[in-house]
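Shown here: model.cif, mmCIF, C-alpha atoms.
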```cif
data_upload
#
loop_
_atom_site.label_atom_id
_atom_site.label_comp_id
_atom_site.auth_asym_id
_atom_site.auth_seq_id
_atom_site.Cartn_x
_atom_site.Cartn_y
_atom_site.Cartn_z
CA MET A 1222 -64.02 -55.82 -31.37
CA ALA A 1223 -67.33 -54.10 -30.81
CA PRO A 1224 -68.64 -53.73 -27.22
CA ILE A 1225 -71.42 -56.07 -26.22
CA PRO A 1226 -74.68 -54.13 -26.02
CA GLY A 1227 -76.04 -53.76 -22.50
CA ALA A 1228 -72.78 -54.60 -20.83
CA ARG A 1229 -71.28 -51.93 -18.43
CA ALA A 1230 -67.90 -50.55 -19.46
CA SER A 1231 -65.32 -51.61 -16.90
CA ARG A 1232 -63.17 -48.68 -15.64
CA PRO A 1233 -59.62 -49.47 -14.59
CA SER A 1234 -59.60 -49.03 -10.80
CA ILE A 1235 -56.74 -47.27 -8.95
CA PRO A 1236 -55.53 -49.23 -5.97
CA ARG A 1237 -56.40 -47.58 -2.65
CA SER A 1238 -52.72 -47.57 -1.54
CA GLN A 1239 -51.72 -45.51 -4.59
CA LEU A 1240 -54.49 -43.04 -3.87
CA TRP A 1241 -53.23 -42.61 -0.33
CA LEU A 1242 -49.67 -42.17 -1.63
CA PHE A 1243 -50.86 -39.50 -4.05
CA TRP A 1244 -52.64 -37.49 -1.36
CA ILE A 1245 -49.69 -37.78 1.02
CA MET A 1246 -47.24 -36.58 -1.64
CA LEU A 1247 -49.53 -33.70 -2.59
CA LEU A 1248 -49.66 -32.68 1.07
CA LEU A 1249 -45.86 -32.85 1.29
CA VAL A 1250 -45.44 -30.69 -1.84
CA VAL A 1251 -47.80 -28.04 -0.47
CA SER A 1252 -46.14 -27.95 2.96
CA MET A 1253 -42.60 -27.85 1.51
CA SER A 1254 -43.60 -24.99 -0.79
CA THR A 1255 -44.92 -23.08 2.20
CA VAL A 1256 -41.67 -23.66 4.14
CA LEU A 1257 -39.53 -22.62 1.18
CA ILE A 1258 -41.52 -19.42 0.63
CA ARG A 1259 -41.13 -18.51 4.30
CA MET A 1260 -37.37 -19.27 4.28
CA ARG A 1261 -36.89 -17.17 1.15
CA GLY A 1262 -38.64 -14.29 2.91
CA ARG A 1263 -36.37 -14.59 5.93
CA VAL A 1264 -33.17 -14.67 3.81
CA SER A 1265 -34.41 -11.69 1.83
CA ASP A 1266 -35.03 -9.79 5.09
CA ARG A 1267 -31.52 -10.70 6.30
CA PHE A 1268 -29.87 -9.40 3.09
CA ALA A 1269 -31.93 -6.23 3.25
CA ALA A 1270 -30.78 -5.68 6.85
CA ALA A 1271 -27.13 -6.24 5.88
CA ALA A 1272 -27.42 -3.77 3.02
CA ARG A 1273 -28.70 -1.04 5.31
CA PRO A 1274 -25.87 1.21 6.53
CA LEU A 1275 -24.87 0.42 10.07
CA PRO A 1276 -25.51 3.17 12.57
CA LEU A 1277 -22.52 5.44 13.08
CA SER A 1278 -23.56 6.32 16.58
CA ALA A 1279 -25.03 4.25 19.35
CA GLY A 1280 -26.68 7.03 21.25
CA GLN A 1281 -25.64 10.08 23.14
CA ASN A 1282 -24.87 8.23 26.35
CA SER A 1283 -22.53 5.58 24.95
CA GLU A 1284 -19.48 7.67 24.07
CA GLN A 1285 -16.31 5.64 24.44
CA PRO A 1286 -12.61 6.50 24.34
CA LEU A 1287 -11.14 6.25 20.88
CA ARG A 1288 -7.50 6.64 19.81
CA LEU A 1289 -6.80 7.97 16.35
CA TYR A 1290 -3.29 7.77 14.92
CA LEU A 1291 -3.10 10.83 12.70
CA ALA A 1292 -0.52 11.14 9.93
CA ASN A 1293 1.50 14.28 9.36
CA ASP A 1294 2.82 14.80 5.81
CA MET A 1295 5.34 17.39 6.93
CA ASP A 1296 7.50 15.00 8.96
CA GLY A 1297 6.13 11.58 8.02
CA SER A 1298 4.96 10.89 11.57
CA LEU A 1299 1.91 9.41 13.25
CA ALA A 1300 0.56 11.15 16.35
CA GLU A 1301 -2.02 9.77 18.75
CA LYS A 1302 -5.18 11.82 19.26
CA PRO A 1303 -7.52 10.55 21.98
CA ILE A 1304 -11.20 11.42 21.53
CA ARG A 1305 -14.56 10.18 22.76
CA PHE A 1306 -17.13 8.94 20.28
CA PRO A 1307 -20.22 6.71 20.31
CA LEU A 1308 -19.25 3.26 19.09
CA PRO A 1309 -21.50 0.36 18.11
CA ALA A 1310 -21.16 -2.92 19.99
CA ASP A 1311 -20.72 -5.08 16.90
CA PRO A 1312 -16.93 -5.43 16.32
CA ASN A 1313 -17.20 -5.24 12.50
CA ALA A 1314 -19.28 -2.07 12.68
CA ARG A 1315 -16.97 -0.69 15.38
CA ALA A 1316 -13.93 -1.19 13.15
CA ARG A 1317 -15.66 0.59 10.28
CA VAL A 1318 -16.75 3.49 12.48
CA VAL A 1319 -13.21 3.87 13.85
CA LEU A 1320 -11.76 4.12 10.34
CA GLU A 1321 -14.53 6.46 9.13
CA LYS A 1322 -13.78 8.75 12.07
CA LEU A 1323 -10.07 8.72 11.15
CA LEU A 1324 -10.83 9.63 7.53
CA GLU A 1325 -13.19 12.39 8.72
CA GLU A 1326 -10.23 13.98 10.49
CA TYR A 1327 -8.21 13.89 7.26
CA ALA A 1328 -11.03 15.56 5.32
CA ALA A 1329 -11.39 18.35 7.89
CA PRO A 1330 -9.86 21.78 7.19
CA GLY A 1331 -6.36 22.13 8.62
CA SER A 1332 -5.57 18.43 8.35
CA ARG A 1333 -1.86 17.64 8.22
CA HIS A 1334 -2.60 14.74 5.88
CA PRO A 1335 -5.36 16.18 3.71
CA LEU A 1336 -7.60 13.72 1.88
CA ASN A 1337 -10.67 14.45 -0.20
CA PRO A 1338 -13.92 14.06 1.70
CA SER A 1339 -15.50 10.86 0.43
CA THR A 1340 -16.80 7.66 1.90
CA GLY A 1341 -13.57 5.73 2.20
CA VAL A 1342 -14.44 2.49 3.93
CA GLU A 1343 -17.26 0.37 2.57
CA GLU A 1344 -16.99 -2.31 5.24
CA VAL A 1345 -14.56 -4.02 7.59
CA TYR A 1346 -14.66 -7.77 8.10
CA LEU A 1347 -12.95 -9.30 11.12
CA LEU A 1348 -11.84 -12.89 10.59
CA ARG A 1349 -9.80 -15.39 12.57
CA VAL A 1350 -6.19 -15.52 11.45
CA PRO A 1351 -5.78 -18.89 9.74
CA GLY A 1352 -3.39 -21.20 11.55
CA LEU A 1353 -3.04 -19.05 14.67
CA PRO A 1354 -4.77 -19.59 18.03
CA SER A 1355 -5.43 -15.88 18.53
CA GLY A 1356 -5.53 -12.64 16.62
CA GLN A 1357 -7.87 -11.35 13.97
CA LEU A 1358 -7.42 -10.42 10.34
CA ALA A 1359 -9.23 -7.20 9.43
CA VAL A 1360 -10.22 -7.05 5.78
CA VAL A 1361 -10.83 -3.39 4.96
CA ASN A 1362 -12.95 -2.86 1.86
CA LEU A 1363 -12.15 0.60 0.47
CA THR A 1364 -14.32 2.41 -2.05
CA THR A 1365 -13.18 3.11 -5.60
CA ALA A 1366 -13.90 6.81 -5.07
CA PHE A 1367 -11.48 6.92 -2.12
CA VAL A 1368 -8.69 5.24 -4.09
CA GLN A 1369 -9.25 7.40 -7.18
CA ASN A 1370 -9.12 10.62 -5.14
CA HIS A 1371 -6.18 9.66 -2.93
CA PRO A 1372 -2.99 11.72 -3.41
CA SER A 1373 -0.34 9.74 -5.26
CA GLY A 1374 3.10 9.26 -3.72
CA ILE A 1375 5.07 6.91 -1.49
CA GLU A 1376 4.69 9.13 1.57
CA PRO A 1377 0.98 10.02 1.41
CA GLU A 1378 -0.06 6.48 0.51
CA SER A 1379 2.15 4.82 3.12
CA LEU A 1380 0.97 7.20 5.83
CA THR A 1381 -2.69 6.54 5.04
CA LEU A 1382 -2.18 2.78 5.34
CA LEU A 1383 0.00 3.10 8.45
CA SER A 1384 -2.50 5.32 10.23
CA MET A 1385 -5.43 3.05 9.34
CA ILE A 1386 -3.56 -0.04 10.54
CA ALA A 1387 -2.36 1.69 13.72
CA THR A 1388 -5.84 3.05 14.50
CA LEU A 1389 -7.44 -0.35 13.97
CA HIS A 1390 -4.89 -2.09 16.20
CA GLY A 1391 -5.00 0.71 18.79
CA ASN A 1392 -8.76 0.38 19.25
CA LEU A 1393 -9.19 -3.32 18.52
CA PRO A 1394 -6.00 -4.91 19.91
CA GLU A 1395 -7.12 -8.34 18.74
CA VAL A 1396 -6.57 -7.13 15.15
CA THR A 1397 -3.05 -8.29 14.32
CA GLN A 1398 -3.20 -8.39 10.52
CA VAL A 1399 -4.83 -6.11 7.98
CA ARG A 1400 -5.64 -6.58 4.29
CA PHE A 1401 -7.13 -4.07 1.91
CA LEU A 1402 -9.62 -4.58 -0.92
CA VAL A 1403 -11.15 -2.02 -3.25
CA ASP A 1404 -14.85 -2.58 -3.92
CA GLY A 1405 -14.42 -6.19 -2.89
CA GLN A 1406 -11.57 -6.86 -5.32
CA ALA A 1407 -7.81 -7.19 -4.85
CA HIS A 1408 -6.07 -4.01 -6.02
CA ALA A 1409 -2.38 -3.57 -6.83
CA THR A 1410 -1.70 -0.21 -5.16
CA LEU A 1411 -3.50 2.52 -3.27
CA ALA A 1412 -2.68 5.27 -5.78
CA GLY A 1413 0.28 3.96 -7.74
CA HIS A 1414 2.75 3.23 -4.93
CA ALA A 1415 1.70 1.56 -1.65
CA ASP A 1416 1.19 -2.18 -2.10
CA LEU A 1417 -2.37 -3.35 -1.43
CA THR A 1418 -1.76 -6.97 -2.36
CA ARG A 1419 0.01 -7.96 0.86
CA THR A 1420 -1.18 -8.61 4.37
CA TYR A 1421 0.14 -6.03 6.84
CA LEU A 1422 1.14 -7.01 10.36
CA ALA A 1423 -0.48 -4.60 12.80
CA SER A 1424 1.02 -5.94 15.99
CA SER A 1425 4.61 -5.20 14.97
CA MET A 1426 4.00 -1.55 14.15
CA GLN A 1427 5.83 1.21 15.91
CA MET A 1428 3.38 3.72 17.32
CA SER A 1429 4.18 6.82 19.28
CA SER A 1430 2.17 9.60 20.74
CA ASP A 1431 5.01 11.95 19.90
CA PRO A 1432 5.63 13.00 16.32
CA ALA A 1433 8.75 11.17 15.21
CA PRO A 1434 10.32 11.23 11.80
CA GLY A 1435 9.92 8.10 9.74
CA ALA A 1436 6.85 6.39 11.06
CA GLY A 1437 8.36 3.47 9.22
CA GLY A 1438 7.07 0.00 9.54
CA ALA A 1439 4.55 -1.77 7.54
CA PRO A 1440 4.00 -0.55 3.99
CA MET B 1339 8.15 -15.40 -13.20
CA ALA B 1340 11.40 -14.55 -11.52
CA ALA B 1341 10.24 -15.28 -7.99
CA GLN B 1342 13.21 -17.38 -6.86
CA GLN B 1343 15.72 -16.55 -9.56
CA PRO B 1344 19.24 -16.76 -8.13
CA LEU B 1345 21.25 -13.60 -8.39
CA PRO B 1346 24.93 -13.24 -9.07
CA ALA B 1347 26.85 -12.49 -5.90
CA HIS B 1348 28.55 -9.17 -5.25
CA ALA B 1349 31.98 -10.85 -5.35
CA ASP B 1350 31.46 -11.52 -9.06
CA ALA B 1351 30.76 -7.87 -9.69
CA ALA B 1352 32.87 -5.62 -11.78
CA PRO B 1353 35.15 -3.63 -9.45
CA GLY B 1354 34.10 -0.27 -10.90
CA TYR B 1355 31.81 2.18 -9.19
CA VAL B 1356 28.48 2.07 -11.03
CA VAL B 1357 25.35 4.00 -10.11
CA LEU B 1358 21.89 2.87 -11.19
CA LEU B 1359 19.18 5.49 -11.65
CA ASP B 1360 15.58 4.31 -11.83
CA ALA B 1361 13.11 6.93 -13.01
CA ALA B 1362 9.78 5.67 -11.64
CA HIS B 1363 6.66 5.15 -13.76
CA GLY B 1364 6.60 6.00 -17.48
CA GLY B 1365 4.55 5.17 -20.55
CA PRO B 1366 0.92 4.50 -19.67
CA GLU B 1367 1.75 4.71 -15.93
CA PRO B 1368 1.95 8.47 -15.20
CA GLY B 1369 2.35 8.35 -11.41
CA ALA B 1370 1.26 11.48 -9.54
CA ARG B 1371 -0.03 14.60 -11.27
CA LEU B 1372 2.33 17.16 -9.78
CA THR B 1373 0.89 20.22 -11.54
CA PRO B 1374 -1.71 20.48 -14.30
CA GLN B 1375 1.16 20.25 -16.81
CA LEU B 1376 3.69 18.07 -14.97
CA LEU B 1377 3.42 14.32 -14.38
CA GLU B 1378 5.58 12.32 -12.01
CA LYS B 1379 6.86 10.11 -14.85
CA ASP B 1380 8.16 13.17 -16.74
CA LEU B 1381 9.83 14.77 -13.72
CA THR B 1382 11.56 11.55 -12.65
CA LEU B 1383 12.89 11.06 -16.19
CA ALA B 1384 14.11 14.67 -16.32
CA LEU B 1385 15.85 14.30 -12.94
CA SER B 1386 17.39 10.99 -14.00
CA ILE B 1387 18.81 12.46 -17.20
CA ARG B 1388 20.18 15.56 -15.45
CA LEU B 1389 21.72 13.46 -12.69
CA ARG B 1390 23.25 11.06 -15.21
CA SER B 1391 24.95 14.00 -16.93
CA ARG B 1392 26.25 15.40 -13.63
CA LEU B 1393 27.65 12.02 -12.59
CA ALA B 1394 29.19 11.36 -15.98
CA ALA B 1395 30.94 14.72 -15.71
CA ARG B 1396 32.48 13.47 -12.44
CA GLY B 1397 33.66 10.27 -14.12
CA ILE B 1398 31.02 8.05 -12.54
CA ALA B 1399 29.55 5.24 -14.65
CA VAL B 1400 25.74 5.35 -14.72
CA VAL B 1401 23.11 2.81 -15.77
CA THR B 1402 19.52 4.02 -16.19
CA THR B 1403 16.40 1.90 -16.32
CA ARG B 1404 14.78 4.18 -18.90
CA GLU B 1405 15.79 7.01 -21.19
CA GLN B 1406 12.40 7.66 -22.73
CA ASP B 1407 8.70 7.59 -21.93
CA ASN B 1408 8.34 3.84 -21.43
CA ASP B 1409 7.49 1.74 -18.38
CA PRO B 1410 9.76 -1.25 -17.80
CA ASP B 1411 8.14 -3.60 -15.29
CA ALA B 1412 9.52 -3.99 -11.76
CA ASP B 1413 11.44 -7.18 -12.61
CA ALA B 1414 13.12 -5.50 -15.59
CA ARG B 1415 14.17 -2.54 -13.43
CA ALA B 1416 15.56 -4.84 -10.72
CA ALA B 1417 17.29 -6.97 -13.35
CA ALA B 1418 19.02 -3.86 -14.74
CA ALA B 1419 20.29 -3.03 -11.26
CA ASN B 1420 21.46 -6.55 -10.55
CA ARG B 1421 23.12 -7.06 -13.94
CA SER B 1422 25.06 -3.82 -13.56
CA HIS B 1423 26.37 -4.78 -10.09
CA ALA B 1424 25.63 -1.23 -9.05
CA ALA B 1425 27.30 0.23 -5.98
CA ALA B 1426 24.33 2.54 -5.48
CA CYS B 1427 20.75 2.40 -6.73
CA LEU B 1428 18.60 5.54 -6.56
CA LEU B 1429 14.90 5.13 -7.31
CA LEU B 1430 13.45 8.52 -8.22
CA HIS B 1431 9.85 9.41 -7.34
CA ALA B 1432 7.91 12.65 -6.82
CA THR B 1433 4.77 13.71 -4.98
CA THR B 1434 2.82 16.82 -4.09
CA SER B 1435 2.50 15.83 -0.41
CA GLY B 1436 4.84 16.95 2.32
CA THR B 1437 7.93 19.08 1.85
CA GLY B 1438 11.53 18.59 0.68
CA VAL B 1439 12.64 15.05 0.02
CA HIS B 1440 11.38 11.77 1.50
CA LEU B 1441 14.05 9.10 1.67
CA TYR B 1442 13.06 5.47 2.06
CA THR B 1443 14.96 2.27 2.52
CA SER B 1444 13.39 -1.17 2.35
CA SER B 1445 11.33 -2.35 5.31
CA LEU B 1446 12.38 -5.97 4.74
CA ALA B 1447 13.84 -7.75 7.74
CA PRO B 1448 17.65 -7.47 7.53
CA ALA B 1449 19.49 -10.57 6.40
CA SER B 1450 23.18 -11.39 6.63
CA ALA B 1451 25.39 -10.11 3.83
CA PRO B 1452 25.29 -12.44 0.81
CA ARG B 1453 28.15 -14.91 0.38
CA ALA B 1454 29.89 -15.21 -2.95
CA GLY B 1455 28.00 -17.52 -5.28
CA SER B 1456 25.09 -18.07 -2.91
CA PRO B 1457 21.64 -17.67 -4.47
CA ARG B 1458 19.21 -15.21 -2.94
CA PRO B 1459 15.43 -15.00 -3.30
CA TRP B 1460 14.53 -12.51 -5.99
CA ALA B 1461 11.68 -10.86 -4.07
CA THR B 1462 13.82 -10.13 -1.00
CA ALA B 1463 17.29 -9.64 -2.49
CA GLN B 1464 17.49 -6.21 -0.83
CA ALA B 1465 17.45 -7.79 2.65
CA GLY B 1466 21.17 -8.52 2.43
CA TYR B 1467 22.01 -4.90 1.56
CA LEU B 1468 19.99 -3.04 4.19
CA THR B 1469 22.97 -1.89 6.23
CA GLN B 1470 24.63 -0.43 3.14
CA SER B 1471 21.32 1.08 2.02
CA LEU B 1472 20.98 2.86 5.36
CA LYS B 1473 24.53 4.22 5.04
CA LEU B 1474 23.78 5.43 1.51
CA ALA B 1475 20.56 7.05 2.78
CA SER B 1476 22.60 8.78 5.46
CA ASP B 1477 24.99 10.23 2.84
CA VAL B 1478 22.05 11.39 0.68
CA SER B 1479 20.29 12.89 3.71
CA GLU B 1480 23.42 14.80 4.71
CA ALA B 1481 23.95 16.18 1.22
CA LEU B 1482 20.31 17.32 0.95
CA ALA B 1483 20.39 18.93 4.39
CA HIS B 1484 23.60 20.71 3.37
CA ALA B 1485 21.71 22.06 0.34
CA GLY B 1486 18.97 23.36 2.65
CA ILE B 1487 16.40 20.78 1.60
CA PRO B 1488 14.44 19.20 4.47
CA VAL B 1489 14.52 15.42 4.59
CA THR B 1490 12.10 12.85 6.01
CA LEU B 1491 13.40 9.32 6.54
CA GLY B 1492 11.28 6.20 6.47
CA SER B 1493 11.08 2.59 5.39
CA VAL B 1494 8.77 1.02 2.86
CA SER B 1495 8.27 -2.27 1.08
CA LEU B 1496 8.10 -1.51 -2.60
CA GLN B 1497 9.14 -3.22 -5.78
CA PRO B 1498 11.54 -3.04 -7.55
CA ALA B 1499 13.61 -1.86 -4.56
CA ASP B 1500 13.07 -5.09 -2.60
CA SER B 1501 14.50 -7.13 -5.49
CA MET B 1502 17.61 -5.00 -5.97
CA ALA B 1503 20.91 -6.54 -4.90
CA CYS B 1504 22.61 -3.20 -4.28
CA PRO B 1505 22.54 -0.40 -1.69
CA ALA B 1506 19.19 1.13 -2.65
CA VAL B 1507 17.40 4.32 -1.61
CA LEU B 1508 14.04 5.63 -2.79
CA VAL B 1509 14.22 9.39 -3.29
CA GLU B 1510 10.79 11.04 -3.39
CA ALA B 1511 10.94 14.73 -4.25
CA ALA B 1512 8.21 17.01 -2.88
CA PRO B 1513 7.72 20.77 -3.22
CA MET B 1514 9.55 23.01 -0.77
CA LEU B 1515 6.97 24.56 1.52
CA PRO B 1516 7.88 27.77 3.33
CA ARG B 1517 8.71 26.98 6.95
CA ARG B 1518 11.49 27.82 9.37
CA GLY B 1519 12.81 30.43 7.00
CA GLU B 1520 13.03 28.06 4.02
CA ALA B 1521 11.86 29.57 0.75
CA ALA B 1522 9.05 27.88 -1.15
CA ALA B 1523 9.89 26.09 -4.38
CA ALA B 1524 7.68 24.16 -6.77
CA LEU B 1525 8.70 20.85 -8.27
CA SER B 1526 8.43 22.44 -11.69
CA ASP B 1527 11.01 25.07 -10.71
CA PRO B 1528 14.23 24.32 -12.68
CA ALA B 1529 16.36 25.95 -9.97
CA TYR B 1530 14.89 23.62 -7.31
CA GLN B 1531 15.42 20.63 -9.60
CA GLY B 1532 19.03 21.77 -10.07
CA ARG B 1533 19.56 21.93 -6.29
CA LEU B 1534 18.16 18.42 -5.93
CA VAL B 1535 20.37 17.04 -8.69
CA ASP B 1536 23.48 18.76 -7.34
CA ALA B 1537 22.83 17.44 -3.84
CA LEU B 1538 22.26 13.88 -5.11
CA ALA B 1539 25.40 14.03 -7.26
CA GLY B 1540 27.38 15.23 -4.22
CA ALA B 1541 25.97 12.39 -2.12
CA LEU B 1542 26.94 9.79 -4.74
CA GLU B 1543 30.42 11.28 -4.92
CA GLN B 1544 30.69 10.91 -1.14
CA TRP B 1545 29.27 7.39 -1.31
CA ARG B 1546 32.00 6.41 -3.78
CA ALA B 1547 34.57 6.99 -1.02
CA ASP B 1548 32.42 5.34 1.67
CA TRP B 1549 31.64 2.34 -0.56
CA LYS B 1550 35.31 1.75 -1.34
CA ALA B 1551 36.19 2.00 2.35
CA GLN B 1552 33.78 -0.81 3.25
CA PRO B 1553 35.28 -4.21 4.17
#
```
Target format structure tokens, applied to this file:
Amino acid sequence: MAPIPGARASRPSIPRSQLWLFWIMLLLVVSMSTVLIRMRGRVSDRFAAAARPLPLSAGQNSEQPLRLYLANDMDGSLAEKPIRFPLPADPNARARVVLEKLLEEYAAPGSRHPLNPSTGVEEVYLLRVPGLPSGQLAVVNLTTAFVQNHPSGIEPESLTLLSMIATLHGNLPEVTQVRFLVDGQAHATLAGHADLTRTYLASSMQMSSDPAPGAGGAP
Amino acid sequence: MAAQQPLPAHADAAPGYVVLLDAAHGGPEPGARLTPQLLEKDLTLALSIRLRSRLAARGIAVVTTREQDNDPDADARAAAANRSHAAACLLLHATTSGTGVHLYTSSLAPASAPRAGSPRPWATAQAGYLTQSLKLASDVSEALAHAGIPVTLGSVSLQPADSMACPAVLVEAAPMLPRRGEAAAALSDPAYQGRLVDALAGALEQWRADWKAQP
């Protein structure tokens, strides 16, 4: 049907309530987008901070006593070596620093349990032991390079694990169990012998400051 | 999966004195690189074959887990030990670390001796044999010391040893380092290998008498 000449075309009108609803929703979309962008920035900052290596030292004036349990390949013993070293306050970082210091000793010339110098411990995570009121499970994440360069054999592999477990428990007594990962994954053995699939009990280990044959125990 | 497979009890065993030799690694699993030319899997096989011959010459029955360059899995090795009702199980390893021989028994918590016909968990079958394993380790340690080879004793949790229902000792050979007047010897040295084999054969001869004398 043709429009009547002279008559004004009637435009469909939008109800005022729908207009208000539109503007309110638009405002909500804009504000939520702003919040999301800010939250994304914060999370990104947090991940970036976690990826940064934790400081190995906490300053010259914060040296603390540290007990390393050093393995000796010649008689299969562990011997305590007390030292002083700056330690971070964060328990996870402290556990990693303690183990890095132990592995530094093994890489030093004259070591009685010589290991290749490489970054051995990626990270240590301390978790509550499931089902127990106290005690912590330390999950030690080793690097692939450390595992690939580790001497193969029952004795060298067992002594490395024993000394790491003993040193962790000796400096963080709340650590009662230890598990090992390699680059975040479960790994069958350290270098063909010592079992990395099990959880080791740290609290039941025999530790002595005197070299004694057959450190025995966990692995 | 043989996780809870019941094992035959010792009372059902053949009365003869049988020794099981387990040459570690093999096939695609080389173990430690002992020298540029010598792998752990090859040395353990060579020691196993030489020891088998020595024991056979003394009239001792021997079962081996491998006679060639293959790698039976841990369950197959334990099954061979348990089927043979061995009176002694020696698991042969080698490493470049330390000196002399490292002897290990299982670090499982000791359990009471198995009763005839009673099933035992596969993964911890060794727990019922720990006392005998320690006595066997003592005989091996004595024989090695008598041969002038230094010995380190320890305990370890390692398959297939933990699944073996027999007195079991892990024997890890290391080079002889010069100390306290002892002459150096490399693992590739045939004379040193001969001393090791002779000492182990002597220990298993001694264990035959000790094993028979047990209640």
Practice problem: Point out the residue among B:Leu1491, B:Ala1416, B:Leu1377, B:Ala1449 with the least atom-to-atom distance to Met1295 of chain A, counting all atoms listed in the file. | Solution: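 Of B:Leu1491, B:Ala1416, B:Leu1377, B:Ala1449, the one nearest Met1295 of chain A is B:Leu1491, counting all atoms listed in the file.
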Practice problem: Return as a VMD selection string the set of residues that the PyMOL selection byres ((chain A and resi 1317-1323) around 10) yields on the displayed structure. | Solution: chain A and resid 1275 to 1278 1287 to 1292 1302 1306 to 1309 1312 to 1316 1324 to 1328 1339 to 1346 1361 to 1362 1381 1384 to 1386 1388 to 1389 1392 to 1393
Quiz item: Hey, what's within 12 Å of Tyr1530 of chain B if we count only C-alpha atoms and toss same-chain stuff fewer than 4 positions away? As a list in words, please?
Solution: Leu1385, Gly1438, Val1439, Leu1482, Ala1485, Gly1486, Ile1487, Ala1511, Ala1512, Pro1513, Met1514, Leu1515, Ala1521, Ala1522, Ala1523, Ala1524, Leu1525, Ser1526, Leu1534, Val1535, Asp1536 and Ala1537 of chain B
Practice problem: Spell out the residues picked by the PyMOL selection byres ((chain B) within 7 of (chain A)) here, as a ChimeraX atom specification. | Solution: /B:1369-1370,1432-1433,1435-1437,1445,1490-1496
Print the selection's residues with C-alpha atoms to a file, as a PDB file, in the frame of the given file.
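Wrote out.pdb, looks like this:
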```
ATOM      1  CA  GLY B1369       2.350   8.350 -11.410  1.00  0.00           C
ATOM      2  CA  ALA B1370       1.260  11.480  -9.540  1.00  0.00           C
ATOM      3  CA  ALA B1432       7.910  12.650  -6.820  1.00  0.00           C
ATOM      4  CA  THR B1433       4.770  13.710  -4.980  1.00  0.00           C
ATOM      5  CA  SER B1435       2.500  15.830  -0.410  1.00  0.00           C
ATOM      6  CA  GLY B1436       4.840  16.950   2.320  1.00  0.00           C
ATOM      7  CA  THR B1437       7.930  19.080   1.850  1.00  0.00           C
ATOM      8  CA  SER B1445      11.330  -2.350   5.310  1.00  0.00           C
ATOM      9  CA  THR B1490      12.100  12.850   6.010  1.00  0.00           C
ATOM     10  CA  LEU B1491      13.400   9.320   6.540  1.00  0.00           C
ATOM     11  CA  GLY B1492      11.280   6.200   6.470  1.00  0.00           C
ATOM     12  CA  SER B1493      11.080   2.590   5.390  1.00  0.00           C
ATOM     13  CA  VAL B1494       8.770   1.020   2.860  1.00  0.00           C
ATOM     14  CA  SER B1495       8.270  -2.270   1.080  1.00  0.00           C
ATOM     15  CA  LEU B1496       8.100  -1.510  -2.600  1.00  0.00           C
TER      16      LEU B1496
END
```
Self-check item: Residues near segment 1401-1403 of chain B, cut-off 10 Å, all atoms listed in the file, skip fewer than 6 positions along chain, as number ranges by chain
Solution: B: 1356-1362, 1383, 1386-1387, 1390, 1409-1411, 1414-1419, 1422, 1424, 1427-1429
Quiz item: Taking all atoms listed in the file into account, which of B:Arg1396, B:Arg1404, B:Arg1546, B:His1431 comes nearest Pro1505 of chain B?
Solution: B:Arg1546
Quiz item: What lies within 8 Å of Leu1441 of chain B using only C-alpha atoms, ignoring chain neighbours under 4 positions off, as a list in words?
Solution: Ala1475, Ser1479, Val1489, Thr1490, Leu1491, Gly1492, Val1507, Leu1508, Val1509 and Glu1510 of chain B
May I have the selected residues written with C-alpha atoms, as a PDB file, in the coordinates of the input?
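Output file result.pdb follows:
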```pdb
ATOM      1  CA  ALA B1475      20.560   7.050   2.780  1.00  0.00           C
ATOM      2  CA  SER B1479      20.290  12.890   3.710  1.00  0.00           C
ATOM      3  CA  VAL B1489      14.520  15.420   4.590  1.00  0.00           C
ATOM      4  CA  THR B1490      12.100  12.850   6.010  1.00  0.00           C
ATOM      5  CA  LEU B1491      13.400   9.320   6.540  1.00  0.00           C
ATOM      6  CA  GLY B1492      11.280   6.200   6.470  1.00  0.00           C
ATOM      7  CA  VAL B1507      17.400   4.320  -1.610  1.00  0.00           C
ATOM      8  CA  LEU B1508      14.040   5.630  -2.790  1.00  0.00           C
ATOM      9  CA  VAL B1509      14.220   9.390  -3.290  1.00  0.00           C
ATOM     10  CA  GLU B1510      10.790  11.040  -3.390  1.00  0.00           C
TER      11      GLU B1510
END
```
Quiz item: Do you have the atom CA of Leu1474 of chain B-atom CA of Ala1426 of chain B distance handy?
Solution: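 Atom CA of Ala1426 of chain B lies at a distance of 7.6 Å from atom CA of Leu1474 of chain B.
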Exercise. Extract, using only C-alpha atoms, all DNA, RNA and protein residues at most 7 Å from Ala1499 of chain B, discarding same-chain residues fewer than 6 positions from it, and format them as JSON, numbers by chain.
Key: {"B": [1444, 1464, 1506]}
Only C-alpha atoms, please: the residues just picked out, written as a PDB file, keeping the file's coordinate frame.
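So selection_14.pdb came out as:
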```pdb
ATOM      1  CA  SER B1444      13.390  -1.170   2.350  1.00  0.00           C
ATOM      2  CA  GLN B1464      17.490  -6.210  -0.830  1.00  0.00           C
ATOM      3  CA  ALA B1506      19.190   1.130  -2.650  1.00  0.00           C
TER       4      ALA B1506
END
```
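Our summary of the geometry notes that atom CA of Leu1372 of chain B is positioned 29.1 Å from atom CA of Glu1543 of chain B.
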Exercise. Report the residues retrieved by the PyMOL selection byres ((chain B and resi 1503) around 7) from the displayed file, expressed as a list of chain:residue names.
Key: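 Taken over the shown coordinates, the PyMOL selection byres ((chain B and resi 1503) around 7) returns B:Asn1420, B:Ala1463, B:Gln1464, B:Tyr1467, B:Ser1501, B:Met1502, B:Cys1504.
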